[in-house]
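Chemist: Dropping the structure in here first, questions after.
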Amino acid sequence: MTAQMQHERPFLRDADPHESQPEARRFVGQTGEVRRLVAEILRYLVKALPGQTVLHGDAELVIAEALNNIEEHGYSAAHGMPVQVTLSVLEKIVQVETRDFGVPMPGLTVPPIHRPDAGVSRDQLPEGGFGWYLIHNLAPNPVYRRCGNMNLLSFDLPIGGTER
Amino acid sequence: MNLTSRTQDGILILTPDTDRIDAAGAIYLKDQFRDETDGFDGRVVMDLSGVNFLDSSGLGAIVSALKLLRGRKLELAGLTPVVAKVFRLTQMDQVFILHRAVSDILTDDGANAA
């Protein structure tokens with residue numbers, strides 16, 4: 001059994017609503033290799049939607065932020081833990097869903113929008129908390145669900161990208 | 001990742017040797033920056049023209065680098081579109097001096113942000 005098959009296996013126990021969508025493409029990986037997984041997803045997206053450079057940039061950032069959150073918080077920075085990303089390229093959006101078996105999101109909901117404050121003194125400037133703000137900005141209304149021992153985060157990226 | 005450094009007309013120019021400043025590399029940036037700027041009290045410019053991906057961890061590391069300068073400004077040059085967007089969305093573009101390119105740093109003392 002290959003390493004990849006082992007990591008796919010936990011996700012296959014659950015019915016996958018994306019299975020019925022022919023456009024859906026599933027990527028399976030593990031924590032500690034976020035960079036590789038994001039690169040693989042981006043290669044697919046560049047091929048599926050050539051020329052959509054703003055979307056490519058947004059997708060790379062938001063998916064990396066989501067996977068980093070899973071690694072850092074869901075799995076407490078442990079490496080080798082399974083993560084799955086499913087992309088569905090639709091007419092006007094790319095639907096993205098991440099799945100993992102880490103600890104539940106606090107409050108069982110996505111963190112509220114917290115705008116970083118640039119108007120504070122230098123010592124008070126934030127060094128963190130940017131990740132969710134970027135996700136909220138580039139993929140409005142992300143949805144979190146806890147299903148058994150699995151976390152599901154889904155969000156839409158507008159094709160054409162966001163510019164604000 | 002490493003920061004390579006050179007001095008031009010008394011300005012310290014630091015260049016990351018990577019095209020990505022992400023969660024995996026950000027932790028090294030602050031330490032490298034501290035080593036390179038320790039004891040230097042002139043202008044410090046970070047050349048980001050070769051960086052085409054910066055995530056929230058990378059941004060946090062650059063903010064922490066600014067704090068290491070204790071009151072002096074940190075200047076950033078050559079932000080690529082994707083990197084510039086991260087600074088703009090988080091409003092962190094307001095706390096750095098931005099230059100279009102390293103070649104602008106001598107004619108632009110920072111009064112004109114890119």
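Labeling convention for the structure tokens: chains A, B, ... as they appear, residues from 1 per chain, ligands from 1 in order of appearance.
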Taking a cut-off of 10 Å and counting only C-alpha atoms, can you build a table that, for each residue of chain A near chain B, reports the nearest atom pair and how far apart they are in Å (one decimal), sorted by chain then residue number, as CSV?
Modeler:
residue,atom,partner,partner_atom,distance
A:Gly32,CA,B:Ala24,CA,8.7
A:Glu33,CA,B:Ala24,CA,9.3
A:Val34,CA,B:Ala24,CA,8.7
A:Arg35,CA,B:Ala24,CA,8.1
A:Thr53,CA,B:Val82,CA,9.5
A:Val54,CA,B:Val82,CA,8.0
A:His56,CA,B:Val82,CA,9.6
A:Gly57,CA,B:Val82,CA,6.1
A:Asp58,CA,B:Val82,CA,8.0
A:Glu60,CA,B:Phe53,CA,8.4
A:Leu61,CA,B:Asp55,CA,6.3
A:Val62,CA,B:Asp55,CA,8.7
A:Ala64,CA,B:Asp55,CA,7.6
A:Glu65,CA,B:Asp55,CA,7.0
A:Asn68,CA,B:Ala23,CA,7.2
A:Glu72,CA,B:Ala23,CA,9.7
A:Arg115,CA,B:Thr90,CA,7.2
A:Pro116,CA,B:Thr90,CA,5.9
A:Asp117,CA,B:Gln91,CA,7.5
A:Ala118,CA,B:Gln91,CA,6.0
A:Gly119,CA,B:Val95,CA,8.4
A:Val120,CA,B:Val95,CA,9.6
A:Ser121,CA,B:Val95,CA,9.8
A:Arg122,CA,B:Lys67,CA,6.5
A:Asp123,CA,B:Lys67,CA,6.5
A:Gln124,CA,B:Lys67,CA,9.4
A:Leu125,CA,B:Val63,CA,7.4
A:Pro126,CA,B:Gly60,CA,7.4
A:Glu127,CA,B:Gly60,CA,4.2
A:Gly128,CA,B:Gly60,CA,5.6
A:Gly129,CA,B:Ser56,CA,7.7
A:Phe130,CA,B:Ser56,CA,5.3
A:Gly131,CA,B:Ser56,CA,5.1
A:Trp132,CA,B:Ser56,CA,8.8
A:Tyr133,CA,B:Thr90,CA,7.5
A:Leu134,CA,B:Leu89,CA,7.2
A:Asn137,CA,B:Leu89,CA,7.7
A:Leu138,CA,B:Leu89,CA,9.3
A:Glu163,CA,B:Lys85,CA,8.7
A:Arg164,CA,B:Leu89,CA,7.6
Chemist: Please run DSSP on the backbone and report, as a list in words, all residues within range 49-86 of chain B that come out as helix (DSSP H, G or I).
Modeler: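 Listing helix (DSSP H, G or I) positions across range 49-86 of chain B yields Ser56, Ser57, Gly58, Leu59, Gly60, Ala61, Ile62, Val63, Ser64, Ala65, Leu66, Lys67, Leu68, Pro81, Val82, Val83, Ala84, Lys85 and Val86 of chain B.
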Chemist: Take the selection from the previous step and output its residues with N, CA and C atoms, as an mmCIF file, in the first residue's frame.
Modeler:
data_model
loop_
_atom_site.group_PDB
_atom_site.id
_atom_site.type_symbol
_atom_site.label_atom_id
_atom_site.label_comp_id
_atom_site.auth_asym_id
_atom_site.auth_seq_id
_atom_site.Cartn_x
_atom_site.Cartn_y
_atom_site.Cartn_z
ATOM 1 N N SER B 56 0.173 34.544 5.668
ATOM 2 C CA SER B 56 0.011 35.313 6.905
ATOM 3 C C SER B 56 1.201 35.129 7.830
ATOM 4 N N SER B 57 1.813 33.955 7.805
ATOM 5 C CA SER B 57 2.994 33.731 8.647
ATOM 6 C C SER B 57 4.159 34.589 8.175
ATOM 7 N N GLY B 58 4.321 34.667 6.858
ATOM 8 C CA GLY B 58 5.381 35.492 6.294
ATOM 9 C C GLY B 58 5.163 36.957 6.606
ATOM 10 N N LEU B 59 3.907 37.390 6.520
ATOM 11 C CA LEU B 59 3.579 38.775 6.850
ATOM 12 C C LEU B 59 3.888 39.047 8.319
ATOM 13 N N GLY B 60 3.498 38.128 9.184
ATOM 14 C CA GLY B 60 3.782 38.283 10.610
ATOM 15 C C GLY B 60 5.270 38.394 10.877
ATOM 16 N N ALA B 61 6.056 37.632 10.138
ATOM 17 C CA ALA B 61 7.511 37.672 10.329
ATOM 18 C C ALA B 61 8.079 39.022 9.901
ATOM 19 N N ILE B 62 7.521 39.609 8.842
ATOM 20 C CA ILE B 62 8.018 40.909 8.385
ATOM 21 C C ILE B 62 7.611 42.011 9.367
ATOM 22 N N VAL B 63 6.400 41.887 9.943
ATOM 23 C CA VAL B 63 5.990 42.850 10.984
ATOM 24 C C VAL B 63 6.913 42.725 12.200
ATOM 25 N N SER B 64 7.256 41.491 12.563
ATOM 26 C CA SER B 64 8.141 41.328 13.723
ATOM 27 C C SER B 64 9.539 41.858 13.415
ATOM 28 N N ALA B 65 9.954 41.772 12.145
ATOM 29 C CA ALA B 65 11.239 42.349 11.745
ATOM 30 C C ALA B 65 11.221 43.865 11.926
ATOM 31 N N LEU B 66 10.109 44.485 11.564
ATOM 32 C CA LEU B 66 9.966 45.937 11.754
ATOM 33 C C LEU B 66 10.166 46.304 13.223
ATOM 34 N N LYS B 67 9.560 45.511 14.103
ATOM 35 C CA LYS B 67 9.664 45.828 15.533
ATOM 36 C C LYS B 67 11.109 45.746 16.034
ATOM 37 N N LEU B 68 11.910 44.900 15.377
ATOM 38 C CA LEU B 68 13.311 44.763 15.780
ATOM 39 C C LEU B 68 14.098 46.040 15.515
ATOM 40 N N PRO B 81 2.548 41.570 -7.399
ATOM 41 C CA PRO B 81 1.115 41.826 -7.190
ATOM 42 C C PRO B 81 0.484 40.986 -6.081
ATOM 43 N N VAL B 82 0.822 39.706 -6.032
ATOM 44 C CA VAL B 82 0.207 38.831 -5.024
ATOM 45 C C VAL B 82 0.654 39.223 -3.616
ATOM 46 N N VAL B 83 1.921 39.584 -3.499
ATOM 47 C CA VAL B 83 2.446 39.987 -2.193
ATOM 48 C C VAL B 83 1.866 41.347 -1.784
ATOM 49 N N ALA B 84 1.783 42.258 -2.745
ATOM 50 C CA ALA B 84 1.225 43.581 -2.463
ATOM 51 C C ALA B 84 -0.220 43.467 -1.972
ATOM 52 N N LYS B 85 -0.960 42.520 -2.521
ATOM 53 C CA LYS B 85 -2.364 42.339 -2.138
ATOM 54 C C LYS B 85 -2.474 41.931 -0.669
ATOM 55 N N VAL B 86 -1.582 41.066 -0.216
ATOM 56 C CA VAL B 86 -1.601 40.639 1.191
ATOM 57 C C VAL B 86 -1.354 41.845 2.108
#
Chemist: Just want the 8 Å neighbourhood of Thr109 in chain A, counted on only C-alpha atoms, with same-chain residues fewer than 6 positions away dropped. Output as a count of residues only.
Modeler: 3
Chemist: Using only C-alpha atoms, which protein or nucleic acid residues come within 12 Å of Asn141 in chain A? Drop anything in the same chain fewer than 6 positions from it, and give the result as a list in words.
Modeler: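 Skipping anything fewer than 6 positions along the chain leaves Thr109, Val110, Pro111, Pro112, Ile113, Trp132, Tyr133, Leu134, Ile135, Leu153, Ser154, Phe155, Asp156, Leu157 and Pro158 of chain A.
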Chemist: When you look at range 96-105 of chain A with a cut-off of 9 Å (counting only C-alpha atoms), what residues show up, excluding the ones that are within fewer than 6 positions of it in the same chain? I need them as number ranges by chain.
Modeler: A: 10-11, 63, 66-67, 70-71, 73-76, 81-89, 111, 144-146, 149-157
